[in-house]
file protein_11.cif (mmCIF, C-alpha atoms)
data_my_file
loop_
_atom_site.label_atom_id
_atom_site.label_comp_id
_atom_site.auth_asym_id
_atom_site.auth_seq_id
_atom_site.Cartn_x
_atom_site.Cartn_y
_atom_site.Cartn_z
CA MET A 1 0.00 0.00 0.00
CA ARG A 2 1.02 3.64 -0.38
CA ALA A 3 1.84 5.46 2.85
CA ALA A 4 3.14 8.95 3.69
CA ARG A 5 6.32 8.94 5.79
CA PHE A 6 9.28 11.05 6.85
CA ASP A 7 12.51 10.04 8.57
CA ARG A 8 13.85 13.40 9.74
CA TYR A 9 12.46 16.72 10.88
CA GLY A 10 12.38 19.42 8.26
CA PRO A 11 10.32 21.28 5.65
CA ALA A 12 7.44 19.70 3.76
CA GLU A 13 9.87 18.32 1.20
CA VAL A 14 11.07 15.63 3.67
CA ILE A 15 7.77 13.81 3.05
CA ARG A 16 7.78 10.85 0.74
CA ILE A 17 5.20 8.32 -0.42
CA GLU A 18 6.41 4.73 0.05
CA GLU A 19 5.07 1.28 -0.65
CA ARG A 20 4.54 -0.52 2.68
CA PRO A 21 2.88 -3.80 3.65
CA VAL A 22 -0.70 -3.62 4.88
CA SER A 23 -0.76 -4.02 8.66
CA GLU A 24 -2.16 -7.13 10.27
CA VAL A 25 -5.51 -6.82 12.03
CA GLY A 26 -5.83 -7.86 15.66
CA ASP A 27 -8.90 -9.57 17.12
CA ASP A 28 -10.37 -6.27 18.30
CA GLU A 29 -9.23 -4.13 15.37
CA VAL A 30 -10.62 -2.87 12.09
CA LEU A 31 -8.80 -2.39 8.78
CA VAL A 32 -10.11 0.67 6.95
CA ARG A 33 -9.52 1.39 3.28
CA VAL A 34 -8.90 5.13 3.43
CA ASP A 35 -10.68 7.27 0.86
CA ALA A 36 -9.72 10.63 2.38
CA SER A 37 -7.34 11.92 5.01
CA ALA A 38 -6.64 15.45 6.22
CA VAL A 39 -3.60 17.60 6.97
CA GLY A 40 -3.78 19.68 10.11
CA VAL A 41 -1.45 21.81 12.17
CA ALA A 42 -0.49 18.79 14.30
CA ASP A 43 0.72 16.98 11.17
CA ALA A 44 2.88 19.94 10.17
CA VAL A 45 4.26 20.24 13.70
CA SER A 46 5.11 16.54 13.96
CA ARG A 47 6.90 16.70 10.61
CA SER A 48 8.83 19.91 11.21
CA GLY A 49 9.64 19.35 14.90
CA THR A 50 8.80 23.01 15.61
CA PRO A 51 8.10 24.67 17.93
CA TRP A 52 10.85 23.04 20.01
CA PHE A 53 8.59 21.79 22.80
CA ALA A 54 6.73 19.59 20.31
CA ARG A 55 9.76 17.31 20.28
CA LEU A 56 9.12 16.42 23.91
CA PHE A 57 6.27 14.33 22.52
CA PHE A 58 7.28 13.60 18.92
CA GLY A 59 10.95 12.78 19.61
CA LEU A 60 13.89 14.92 20.68
CA ARG A 61 16.40 14.23 17.91
CA ARG A 62 14.45 12.25 15.35
CA PRO A 63 10.78 11.48 14.78
CA LYS A 64 9.27 8.73 16.93
CA TYR A 65 6.23 8.63 14.67
CA PRO A 66 7.41 8.63 11.03
CA ARG A 67 3.99 7.77 9.56
CA LEU A 68 1.82 10.77 8.73
CA GLY A 69 -1.89 11.31 9.13
CA THR A 70 -4.50 10.97 11.86
CA GLU A 71 -7.97 11.79 10.52
CA PHE A 72 -9.53 9.43 7.98
CA ALA A 73 -12.77 8.53 6.23
CA GLY A 74 -13.28 5.38 4.24
CA MET A 75 -14.71 1.87 4.17
CA VAL A 76 -14.14 -1.10 6.45
CA GLU A 77 -12.12 -3.68 4.54
CA ARG A 78 -11.64 -6.34 7.21
CA VAL A 79 -12.45 -6.86 10.89
CA GLY A 80 -10.88 -8.90 13.67
CA ALA A 81 -12.47 -12.04 15.11
CA ASP A 82 -13.94 -10.24 18.15
CA VAL A 83 -15.27 -7.13 16.39
CA THR A 84 -19.06 -6.64 16.59
CA ARG A 85 -19.56 -2.88 15.98
CA PHE A 86 -18.39 -2.87 12.37
CA ALA A 87 -18.55 -5.09 9.32
CA PRO A 88 -16.81 -5.05 5.94
CA GLY A 89 -18.40 -2.45 3.70
CA ASP A 90 -19.33 -0.04 6.51
CA ARG A 91 -18.56 3.63 5.84
CA VAL A 92 -16.60 5.01 8.77
CA PHE A 93 -14.65 8.08 9.85
CA GLY A 94 -12.35 8.80 12.74
CA ALA A 95 -8.94 9.65 14.13
CA ALA A 96 -6.20 7.04 14.28
CA GLU A 97 -3.72 7.10 17.12
CA VAL A 98 -0.53 9.12 16.61
CA GLY A 99 1.86 7.11 14.46
CA ALA A 100 -0.76 4.83 12.95
CA GLY A 101 -0.45 6.67 9.63
CA ALA A 102 -3.89 7.48 8.24
CA THR A 103 -2.49 9.22 5.16
CA ALA A 104 -2.21 5.87 3.44
CA ASP A 105 -4.29 3.40 1.47
CA TYR A 106 -5.16 1.53 4.67
CA VAL A 107 -5.13 2.20 8.40
CA VAL A 108 -5.81 -0.06 11.39
CA VAL A 109 -7.89 1.25 14.31
CA GLY A 110 -9.29 -0.32 17.45
CA GLU A 111 -12.97 -1.26 17.38
CA HIS A 112 -13.57 0.85 20.48
CA GLY A 113 -11.20 3.64 19.49
CA ALA A 114 -11.87 6.96 17.77
CA VAL A 115 -13.94 5.55 14.93
CA ALA A 116 -17.65 5.66 14.15
CA HIS A 117 -20.09 5.08 11.33
CA ALA A 118 -19.77 8.05 8.99
CA PRO A 119 -22.57 10.54 8.35
CA GLY A 120 -24.11 10.84 4.90
CA LEU A 121 -21.32 12.86 3.33
CA ASP A 122 -18.67 12.02 0.80
CA ALA A 123 -15.37 11.03 2.41
CA ALA A 124 -13.71 14.40 1.79
CA HIS A 125 -16.40 16.27 3.69
CA ALA A 126 -16.71 13.61 6.38
CA VAL A 127 -13.01 13.74 7.24
CA ALA A 128 -13.12 17.55 7.27
CA THR A 129 -15.42 17.45 10.30
CA VAL A 130 -13.24 15.29 12.54
CA ASP A 131 -10.23 17.32 13.75
CA GLY A 132 -12.05 20.58 14.38
CA PHE A 133 -14.87 18.88 16.28
CA LEU A 134 -12.64 16.66 18.44
CA THR A 135 -10.54 19.69 19.37
CA ALA A 136 -13.21 22.34 19.85
CA LEU A 137 -15.67 20.19 21.82
CA PRO A 138 -13.53 19.49 24.90
CA PHE A 139 -12.29 23.08 24.94
CA LEU A 140 -15.77 24.57 24.96
CA ARG A 141 -17.78 21.90 26.78
CA ASP A 142 -15.23 20.80 29.39
CA ALA A 143 -12.60 23.53 29.86
CA GLY A 144 -14.87 26.49 29.11
CA GLU A 145 -18.09 24.96 30.47
CA VAL A 146 -20.06 26.93 27.89
CA ARG A 147 -23.71 27.31 28.86
CA PRO A 148 -26.81 28.81 27.23
CA GLY A 149 -26.85 32.58 27.39
CA GLN A 150 -23.10 33.04 27.66
CA SER A 151 -21.05 35.21 25.33
CA VAL A 152 -18.26 33.35 23.48
CA LEU A 153 -15.58 34.83 21.21
CA VAL A 154 -13.70 32.58 18.78
CA ASN A 155 -10.41 33.94 17.42
CA GLY A 156 -9.43 32.33 14.11
CA ALA A 157 -13.04 31.49 13.35
CA SER A 158 -12.62 30.32 9.76
CA GLY A 159 -9.92 27.74 10.47
CA THR A 160 -10.44 24.03 11.05
CA VAL A 161 -10.85 24.34 14.82
CA GLY A 162 -12.35 27.83 14.77
CA SER A 163 -15.12 26.98 12.32
CA ALA A 164 -16.03 23.97 14.46
CA ALA A 165 -15.95 26.13 17.60
CA VAL A 166 -18.37 28.68 16.14
CA GLN A 167 -20.87 25.92 15.37
CA LEU A 168 -20.45 24.13 18.70
CA ALA A 169 -20.66 27.30 20.80
CA LYS A 170 -23.90 28.15 19.02
CA HIS A 171 -25.17 24.60 19.54
CA LEU A 172 -24.38 24.93 23.26
CA GLY A 173 -26.60 28.00 23.41
CA ALA A 174 -24.04 30.80 23.46
CA THR A 175 -24.03 34.12 21.66
CA VAL A 176 -21.01 33.85 19.35
CA THR A 177 -18.58 36.52 18.16
CA ALA A 178 -16.25 35.34 15.41
CA VAL A 179 -12.88 36.96 14.69
CA THR A 180 -11.62 36.45 11.15
CA SER A 181 -10.57 38.42 8.08
CA GLY A 182 -13.13 40.37 6.08
CA PRO A 183 -13.42 37.97 3.12
CA ASN A 184 -14.51 35.18 5.49
CA ALA A 185 -17.22 37.15 7.29
CA GLU A 186 -20.11 35.61 5.36
CA LEU A 187 -18.72 32.12 5.86
CA VAL A 188 -18.62 32.40 9.66
CA ARG A 189 -22.04 34.05 9.72
CA SER A 190 -23.37 31.06 7.82
CA LEU A 191 -21.91 28.84 10.54
CA GLY A 192 -23.93 30.65 13.20
CA ALA A 193 -21.84 33.62 14.32
CA ASP A 194 -24.01 36.40 15.74
CA ARG A 195 -21.30 39.02 15.27
CA VAL A 196 -18.14 39.12 13.16
CA ILE A 197 -15.01 41.11 13.92
CA ASP A 198 -12.63 41.78 11.03
CA TYR A 199 -9.30 41.67 12.85
CA THR A 200 -7.72 43.92 10.20
CA ARG A 201 -10.09 46.72 11.27
CA GLU A 202 -10.87 46.05 14.93
CA ASP A 203 -9.01 44.57 17.91
CA PHE A 204 -11.26 42.54 20.19
CA THR A 205 -8.80 42.89 23.09
CA SER A 206 -9.75 46.59 23.34
CA GLU A 207 -13.20 45.59 24.61
CA ARG A 208 -13.91 45.41 28.34
CA ASP A 209 -15.88 42.80 30.32
CA ALA A 210 -17.47 41.50 27.13
CA TYR A 211 -16.98 37.72 26.95
CA ASP A 212 -17.55 34.78 29.28
CA VAL A 213 -15.25 32.65 27.12
CA ILE A 214 -12.51 33.67 24.71
CA PHE A 215 -11.32 30.70 22.64
CA ASP A 216 -8.14 31.53 20.75
CA ALA A 217 -8.22 28.69 18.22
CA VAL A 218 -5.01 29.90 16.57
CA GLY A 219 -3.02 30.86 19.67
CA LYS A 220 -2.15 34.40 18.57
CA ARG A 221 -3.57 36.61 21.33
CA SER A 222 -2.27 35.97 24.83
CA PHE A 223 -4.20 35.72 28.07
CA GLY A 224 -2.57 38.96 29.17
CA ALA A 225 -3.77 40.79 26.06
CA SER A 226 -7.25 39.26 26.21
CA ARG A 227 -7.80 39.41 29.96
CA ARG A 228 -9.67 42.69 30.18
CA ALA A 229 -12.07 41.61 27.42
CA LEU A 230 -13.26 38.79 29.69
CA THR A 231 -16.08 39.17 32.16
CA ALA A 232 -15.14 39.12 35.84
CA HIS A 233 -15.37 35.31 35.96
CA GLY A 234 -14.49 34.66 32.33
CA ILE A 235 -12.03 32.12 30.97
CA TYR A 236 -9.44 32.34 28.18
CA LEU A 237 -8.71 29.15 26.22
CA THR A 238 -5.89 28.55 23.77
CA THR A 239 -4.76 25.64 21.60
CA VAL A 240 -1.06 26.59 21.75
CA PRO A 241 0.93 25.41 24.81
CA THR A 242 3.28 28.35 25.34
CA ALA A 243 5.43 28.66 28.46
CA ALA A 244 3.23 31.53 29.60
CA ILE A 245 -0.03 29.62 29.41
CA LEU A 246 1.48 26.58 31.13
CA LEU A 247 2.24 28.85 34.10
CA GLN A 248 -0.95 30.92 33.95
CA ALA A 249 -3.38 28.01 33.74
CA PRO A 250 -2.59 26.40 37.14
CA ARG A 251 -2.09 29.76 38.83
CA THR A 252 -5.42 31.21 37.74
CA ARG A 253 -7.19 27.93 38.52
CA LEU A 254 -6.38 28.54 42.19
CA PHE A 255 -8.32 31.80 42.04
CA ARG A 256 -11.57 30.69 40.42
CA GLY A 257 -13.25 33.89 41.59
CA GLY A 258 -11.43 35.87 38.91
CA ARG A 259 -10.51 35.63 35.24
CA ARG A 260 -8.84 32.36 34.31
CA ALA A 261 -6.67 30.83 31.60
CA ALA A 262 -6.73 27.21 30.47
CA ILE A 263 -5.37 24.84 27.88
CA ALA A 264 -6.51 21.34 26.95
CA PHE A 265 -4.36 18.63 25.36
CA THR A 266 -7.18 17.21 23.31
CA GLY A 267 -5.08 14.87 21.19
CA LEU A 268 -4.04 12.84 24.24
CA ARG A 269 -7.56 11.96 25.36
CA ASP A 270 -8.83 8.37 25.58
CA PRO A 271 -9.68 7.12 22.06
CA ARG A 272 -12.85 5.52 23.46
CA THR A 273 -14.08 8.95 24.55
CA LYS A 274 -13.38 10.28 21.07
CA GLY A 275 -15.32 7.39 19.58
CA VAL A 276 -18.42 8.36 21.55
CA GLU A 277 -17.96 11.99 20.49
CA LEU A 278 -17.69 10.96 16.84
CA GLU A 279 -21.09 9.28 17.14
CA GLN A 280 -22.41 12.59 18.47
CA LEU A 281 -20.74 14.40 15.58
CA ALA A 282 -22.36 12.08 13.03
CA ALA A 283 -25.77 12.82 14.57
CA LEU A 284 -25.13 16.57 14.45
CA VAL A 285 -24.08 16.38 10.80
CA GLU A 286 -27.12 14.30 9.89
CA SER A 287 -29.39 16.86 11.59
CA GLY A 288 -27.74 19.76 9.78
CA ALA A 289 -26.43 21.28 13.03
CA PHE A 290 -22.78 20.84 12.01
CA VAL A 291 -21.31 21.31 8.54
CA PRO A 292 -17.80 20.73 7.18
CA VAL A 293 -15.62 23.55 5.93
CA VAL A 294 -13.20 22.41 3.22
CA ASP A 295 -10.34 24.54 1.96
CA ARG A 296 -9.40 22.19 -0.87
CA VAL A 297 -9.14 18.53 -1.86
CA VAL A 298 -5.84 17.39 -3.38
CA PRO A 299 -4.53 13.96 -4.40
CA LEU A 300 -2.01 12.05 -2.30
CA GLU A 301 0.68 12.94 -4.83
CA GLU A 302 0.31 16.60 -3.80
CA LEU A 303 0.79 15.98 -0.07
CA VAL A 304 3.85 18.26 0.09
CA ALA A 305 1.81 21.12 -1.37
CA ALA A 306 -0.93 20.38 1.17
CA HIS A 307 1.54 20.73 4.06
CA LEU A 308 2.78 24.00 2.57
CA ARG A 309 -0.81 25.20 2.37
CA VAL A 310 -1.39 24.44 6.05
CA GLU A 311 1.81 26.24 7.04
CA SER A 312 0.99 29.27 4.88
CA GLY A 313 -1.71 30.54 7.24
CA HIS A 314 -4.05 31.11 4.29
CA LYS A 315 -6.34 28.09 4.51
CA VAL A 316 -10.02 28.15 5.39
CA GLY A 317 -11.25 24.98 7.07
CA SER A 318 -9.58 21.65 6.30
CA VAL A 319 -7.07 20.64 3.66
CA VAL A 320 -8.17 17.18 2.54
CA ILE A 321 -6.10 14.48 0.87
CA ALA A 322 -7.97 12.31 -1.63
CA ILE A 323 -6.53 8.81 -1.35
CA THR A 324 -9.07 7.30 -3.78
CA ASP A 325 -11.54 8.61 -6.33
CA ALA A 326 -14.30 7.89 -3.79
CA ALA A 327 -13.12 10.81 -1.64
CA GLY A 328 -15.39 13.26 -3.40
CA PRO A 329 -15.09 16.06 -5.95
CA ALA A 330 -11.72 17.74 -6.34
CA ASP A 331 -13.49 21.12 -6.37
CA ALA A 332 -14.96 20.60 -2.88
CA SER A 333 -13.36 23.89 -1.86
CA ALA A 334 -16.29 25.58 -3.59
CA ALA A 335 -18.19 24.89 -0.36
CA VAL A 336 -16.37 27.81 1.24
CA ALA A 337 -16.83 30.16 -1.71
CA ALA A 338 -13.63 31.58 -3.17
CA THR A 339 -12.20 33.13 -0.02
CA ALA A 340 -9.41 30.72 0.80
CA ASP A 341 -6.68 32.26 -1.32
CA ASP A 342 -7.41 35.77 -0.12
CA SER A 343 -7.83 35.04 3.59
CA LEU A 344 -5.33 35.14 6.41
CA GLU A 345 -6.20 33.56 9.72
CA ALA A 346 -6.30 35.85 12.70
CA ASN A 347 -3.11 37.89 12.90
CA GLY A 348 -1.32 35.67 10.43
CA ALA A 349 -1.75 32.42 12.34
CA PRO A 350 -2.22 29.10 10.59
CA ALA A 351 -5.73 27.74 10.82
#
call {"tool": "encode", "arguments": {"input": "protein_11.cif", "output": "structure tokens"}}
result
Amino acid sequence: MRAARFDRYGPAEVIRIEERPVSEVGDDEVLVRVDASAVGVADAVSRSGTPWFARLFFGLRRPKYPRLGTEFAGMVERVGADVTRFAPGDRVFGAAEVGAGATADYVVVGEHGAVAHAPGLDAAHAVATVDGFLTALPFLRDAGEVRPGQSVLVNGASGTVGSAAVQLAKHLGATVTAVTSGPNAELVRSLGADRVIDYTREDFTSERDAYDVIFDAVGKRSFGASRRALTAHGIYLTTVPTAAILLQAPRTRLFRGGRRAAIAFTGLRDPRTKGVELEQLAALVESGAFVPVVDRVVPLEELVAAHLRVESGHKVGSVVIAITDAAGPADASAAVAATADDSLEANGAPA
């Protein structure tokens, strides 16, 4: 089978497509023929080894996980002897464990891991829902404890995580302010944003006592800069584990009567929990309460270009890799109008 790999940290050009044997399937595992995978920030970080603290997880001197890709959508090819939840021919989507290598023709996942029956979308759009949802949900639901009637601001609202956060915050009953660039204003409004701030014209950190939750989905505005925009008991959330936030989060947790900062390491959660959440995601998609945002769909042969696109900071939603022709139309980026090439995520951050 074809599989995306890299043996050393570096630019996107270190990636190569190799022929590898198809992995064996254990008694409680499922072999999925991958139709579509996705490239996210975590993929680019694991490949580049930057920022430096990423190597504490991915390997100090050389990559511990040379196989690329986490999110996938496809069809069950084979199941282990003890598997009861899935059968060959089932359409599924999910997130393989780090190092499993979902950017490949096949990937093996545990029956009770982060995998679920896919909603009624083509594979390209199904896989585009996974990363943003599995990241945004624990931030908003668990860390932020978003409740009906609260005011939530999402910085980087047209990115993979940000676009999911806008939809989930709205679903949780919040009033949502989305921060993005002007060309993406209509997109985030269509996702449910009640108010849109064009960061090139207005700085949300100049507001005072305005938001119960500020979710910086691109990690470009610090807790210190955002603090006064929070209500007296508000919380600031960020996806980027800087030294500052790692100190601020435990310190402010001790003083829950005031403004707080928090970070969640969503990729390290129990795969079984993610599997349950993917079932919830499928239900939301089927009901129309959650929609994918796709920047573009490119073939596996253009994986290097896909990584460059992610690192450029210009993408809107997910960059999808079509492994087979069943992934969906190559022009799926039309779903987000023609804003991707002209947009820049909040303050130049990658989505």
call {"tool": "resolve_selection", "arguments": {"input": "protein_11.cif", "expression": "the PyMOL selection byres ((chain A and resi 154) around 7)", "output": "count of residues only"}}
result
15
call {"tool": "closest_residue", "arguments": {"input": "protein_11.cif", "among": "A:Thr200, A:Thr273, A:Ser222, A:Gln167", "to": "Gly182 in chain A", "atoms": "all atoms listed in the file"}}
result
A:Thr200
call {"tool": "resolve_selection", "arguments": {"input": "protein_11.cif", "expression": "the PyMOL selection byres ((chain A and resi 119-129) around 6)", "output": "list of chain:residue names"}}
result
A:Ala36, A:Phe72, A:Ala73, A:Ala118, A:Val130, A:Ala282, A:Pro292, A:Ser318, A:Ala327, A:Gly328
call {"tool": "write_last_selection", "arguments": {"input": "protein_11.cif", "atoms": "C-alpha atoms", "output": "CSV table (one decimal), keeping the file's coordinate frame"}}
result
chain,number,residue,atom,x,y,z
A,36,ALA,CA,-9.7,10.6,2.4
A,72,PHE,CA,-9.5,9.4,8.0
A,73,ALA,CA,-12.8,8.5,6.2
A,118,ALA,CA,-19.8,8.0,9.0
A,130,VAL,CA,-13.2,15.3,12.5
A,282,ALA,CA,-22.4,12.1,13.0
A,292,PRO,CA,-17.8,20.7,7.2
A,318,SER,CA,-9.6,21.6,6.3
A,327,ALA,CA,-13.1,10.8,-1.6
A,328,GLY,CA,-15.4,13.3,-3.4
call {"tool": "atom_distance", "arguments": {"input": "protein_11.cif", "atom1": "CA of Leu60 in chain A", "atom2": "CA of Pro241 in chain A"}}
result
17.2 Å
call {"tool": "resolve_selection", "arguments": {"input": "protein_11.cif", "expression": "the PyMOL selection byres ((chain A and resi 67) around 10)", "output": "MDAnalysis selection string"}}
result
chainID A and resid 3:7 15 43 46:47 63:66 68:70 98:104
call {"tool": "residues_around", "arguments": {"input": "protein_11.cif", "residues": "Asp198 in chain A", "least_positions_apart": "5", "cutoff": "10 Å", "atoms": "only C-alpha atoms", "output": "list in words"}}
result
Ala178, Val179, Thr180, Ser181, Gly182, Pro183, Asn184, Ala185, Asp203, Phe204 and Ala346 of chain A
call {"tool": "build_atoms", "arguments": {"input": "protein_11.cif", "residues": "range 49-71 of chain A", "atoms": "N, CA and C atoms", "output": "short mmCIF file (atom, residue, chain, number, x, y, z; two decimals), in the coordinates of the input"}}
result
data_model
loop_
_atom_site.label_atom_id
_atom_site.label_comp_id
_atom_site.auth_asym_id
_atom_site.auth_seq_id
_atom_site.Cartn_x
_atom_site.Cartn_y
_atom_site.Cartn_z
N GLY A 49 8.98 19.35 13.59
CA GLY A 49 9.64 19.35 14.90
C GLY A 49 9.70 20.73 15.52
N THR A 50 8.86 21.65 15.06
CA THR A 50 8.80 23.01 15.61
C THR A 50 7.36 23.34 15.95
N PRO A 51 7.13 24.10 17.01
CA PRO A 51 8.10 24.67 17.93
C PRO A 51 8.84 23.60 18.73
N TRP A 52 9.93 23.99 19.40
CA TRP A 52 10.85 23.04 20.01
C TRP A 52 10.17 22.12 21.01
N PHE A 53 9.18 22.63 21.76
CA PHE A 53 8.59 21.79 22.80
C PHE A 53 7.76 20.64 22.22
N ALA A 54 7.45 20.70 20.93
CA ALA A 54 6.73 19.59 20.31
C ALA A 54 7.57 18.32 20.32
N ARG A 55 8.89 18.48 20.31
CA ARG A 55 9.76 17.31 20.28
C ARG A 55 9.76 16.54 21.59
N LEU A 56 9.27 17.15 22.66
CA LEU A 56 9.12 16.42 23.91
C LEU A 56 8.16 15.25 23.73
N PHE A 57 7.22 15.41 22.81
CA PHE A 57 6.27 14.33 22.52
C PHE A 57 6.65 13.55 21.27
N PHE A 58 7.05 14.25 20.20
CA PHE A 58 7.28 13.60 18.92
C PHE A 58 8.69 13.02 18.76
N GLY A 59 9.59 13.28 19.70
CA GLY A 59 10.95 12.78 19.61
C GLY A 59 11.96 13.90 19.62
N LEU A 60 12.95 13.82 20.50
CA LEU A 60 13.89 14.92 20.68
C LEU A 60 14.79 15.14 19.47
N ARG A 61 15.42 14.08 18.98
CA ARG A 61 16.40 14.23 17.91
C ARG A 61 15.88 13.75 16.56
N ARG A 62 15.03 12.76 16.58
CA ARG A 62 14.45 12.25 15.35
C ARG A 62 13.02 11.83 15.61
N PRO A 63 12.20 11.77 14.58
CA PRO A 63 10.78 11.48 14.78
C PRO A 63 10.54 10.09 15.36
N LYS A 64 9.71 10.02 16.40
CA LYS A 64 9.27 8.73 16.93
C LYS A 64 8.13 8.17 16.11
N TYR A 65 7.42 9.05 15.41
CA TYR A 65 6.23 8.63 14.67
C TYR A 65 6.39 9.04 13.20
N PRO A 66 7.09 8.23 12.40
CA PRO A 66 7.41 8.63 11.03
C PRO A 66 6.26 8.49 10.04
N ARG A 67 5.14 7.92 10.46
CA ARG A 67 3.99 7.77 9.56
C ARG A 67 3.04 8.95 9.76
N LEU A 68 2.63 9.55 8.68
CA LEU A 68 1.82 10.77 8.73
C LEU A 68 0.33 10.48 8.65
N GLY A 69 -0.44 11.36 9.27
CA GLY A 69 -1.89 11.31 9.13
C GLY A 69 -2.60 10.75 10.34
N THR A 70 -3.67 11.43 10.74
CA THR A 70 -4.50 10.97 11.86
C THR A 70 -5.94 10.79 11.43
N GLU A 71 -6.56 11.85 10.88
CA GLU A 71 -7.97 11.79 10.52
C GLU A 71 -8.16 10.98 9.22
#
